[in-house]
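The next block holds one structure in the form of structure tokens; read it before the comments.
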Amino acid sequence: MTSDRFVKFKRRTRYAAVVLGGALALAACSGPTADKPAAQSSAGGNAPASSSAGNLHIAVVTHGSSGDAFWNVVKNGAEQAGKDLGIQVDYKSDGDPGAQSKLIDNAIAQKVDGLVVSMANPDALKTSIQNAVKAGIPVVTINSGDSKSAEFGAIAHVGQTETIAGQGAGKRLKEAGKTKLLCVIHEAGNIGQNERCDGAKQAFGNVQTLQVDINNPTDAQSRIKGAVQADPSIDAVLALNSQVAAGAVTAIKGAGSKAQVATFDLNSDVVAAIKSGDVLFAVDQQQYEQGYLPIVFLKLYKENANTVGGGQPVLTGPGFVDKSNVDTVAPYAQRGTR
């Protein structure tokens, strides 16, 4: 990462920390036991409607695949925020962009008070998200698609800048002495995954990409094994998902390769693999926050006309988990909050 981009990233990270502190403080002040909401803003046509505390209904619609441990943690964060703040939170997901768009349309028809959406394929969701905004439903985007968030009318984006995260991963692998990297993309059409590999290439240099399907783990593992067997010069594999990382570890061992695995995202299996040395590090975007924070932000917007980010994403990462800090993080991964 260039020095000027690093400085910008650090400034935005510090800003996100300030935003989070203020948001949680305000949430505590206007929590579910508050007598009445703040007066409605008169700032413009999209000003939030007043709502009695405890009566909010927020829909969370993500592109998570069924059984994906990463999205289970996002769901845990959103639902816990609902419990903590006295808000009804309904979480639904579908990896197909068309089906995800229909879930958004259904939430609009239910006249929810707020909407949280991940945008792995922004163009496929554009019309549905803009329809939500036209209907007066505030939208917070999460995880992917930060470059389209404000354009589509969302009030905030919560996540990490994927190119910067990829650069961080590439830099670490280069510092570890690796010379050729295989970057494994597991969801076709997910712009965030392409950005991660592109960022890794910018920092690392010699990067080859491989497309697999997360919904077919046996085939994904076979493809990774075939790639490292076909090119013994590959000495590092970057998975973009914790489940793919587990398959990569098995594939590399089966191929007799000396390549090392690094991954995006964290779960208890990755924690164990870091401890054993099978995974060098994990890029941690703290997805629990991506579930939890949007619920806080939507409550503050509906009840106090607050906004966050100032047009920039509220960053939850990248952080890095390796042998130096894995023991601290391990209990939280085990309970489903990291």
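In the structure tokens, chains take the letters A, B, ... in the order shown, each chain's residues start at 1, and ligands count up from 1 in the order shown.
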Give me, as CSV, the closest atom pair and its distance (Å, one decimal) for every residue of region 145-236 of chain A within a cut-off of 10 Å of region 79-102 of chain A, counting only C-alpha atoms, rows sorted by chain and rising number.
```
residue,atom,partner,partner_atom,distance
A:Glu187,CA,A:Gly95,CA,8.8
A:Gly189,CA,A:Pro97,CA,9.3
A:Asn190,CA,A:Pro97,CA,9.9
A:Asn215,CA,A:Gly95,CA,9.9
```
Problem set entry | Exercise: region 120-129 of chain A partners within 9 Å, only C-alpha atoms, chain neighbours under 6 positions left out, as a list of chain:residue names | A:Thr62, A:His63, A:Pro97, A:Gly98, A:Gln100, A:Ser101, A:Lys102, A:Ile104, A:Asp105, A:Ile108, A:Val139, A:Asn143, A:Ser144, A:Gly145, A:Lys148, A:Ser149, A:Phe152, A:Gly153, A:Ala154, A:Gly189, A:Asn190, A:Ile191, A:Gly192, A:Gln193
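Note that CA of Glu162 (chain A) and CA of Arg223 (chain A) are 24.3 Å apart.
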Exercise. Region 95-331 of chain A: which residues are alpha helix (DSSP H) by DSSP, as a PyMOL selection string?
Worked result: chain A and resi 97-109+122-134+146-152+162-175+191-204+217-230+242-255+268-276+287-304+326-331
For this session: Tell me which protein, DNA and RNA residues are within 7 Å of Val207 (chain A), counting only C-alpha atoms, leaving out same-chain ones fewer than 5 positions away, and put them as a count of residues only.
Result: 5
For this session: With a distance cut-off of 8 Å and only C-alpha atoms, select the neighbouring residues of Ile164 (chain A), excluding the residue or stretch itself and same-chain residues fewer than 4 positions from it, and output the selection as JSON, numbers by chain.
Result: {"A": [1, 168, 196, 199, 318]}
For this session: Using backbone DSSP assignments, extract all strand (DSSP E) residues from region 28-250 of chain A; output them as a VMD selection string.
Result: chain A and resid 57 to 62 88 to 93 114 to 118 139 to 142 156 to 159 181 to 185 207 to 211 236 to 239
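Within 12 Å of Gln334 (chain A), once only C-alpha atoms are used and residues closer than 5 positions along the same chain are dropped, the contacting residues are Ala69, Val73, Leu266, Asn267, Ser268, Asp269, Val270, Val271, Ala272, Val326, Asp327, Thr328 and Val329 of chain A.
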Exercise. If you count only C-alpha atoms, which residues fall within 9 Å of Ala273 (chain A), apart from same-chain ones fewer than 6 positions away, as a PyMOL selection string?
Worked result: chain A and resi 246+249+279-280
Next, dump the selected residues to file, keeping only C-alpha atoms, as a JSON list (two decimals), in the first residue's frame.
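As written to disk, result.json reads:
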```
[["chain", "number", "residue", "atom", "x", "y", "z"],
["A", 246, "ALA", "CA", -10.04, -25.54, 4.82],
["A", 249, "VAL", "CA", -5.20, -26.88, 3.20],
["A", 279, "VAL", "CA", -2.87, -21.29, 7.74],
["A", 280, "LEU", "CA", -0.41, -18.42, 7.87]]
```
Exercise. At what distance in Å, to one decimal, does CA of Val60 (chain A) lie from CA of Gln130 (chain A)?
Worked result: 15.8 Å
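Across the structure, CA of Ala135 (chain A) and CA of Asn72 (chain A) are spaced 29.1 Å apart.
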Seminar exercise, completed: Of A:Ile155, A:Val296, A:Ala239, A:Leu115, the one nearest to His57 (chain A) when counting only C-alpha atoms is A:Leu115
Exercise. In terms of the shortest atom-to-atom distance over only C-alpha atoms, which of A:Thr179, A:Gln243, A:Thr163, A:Gln312 is closest to Cys197 (chain A)?
Worked result: A:Thr163
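Distance check against Gly77 (chain A) using only C-alpha atoms: of A:Ser118, A:Lys302, A:Tyr292, A:Gly317, the minimum falls on A:Tyr292.
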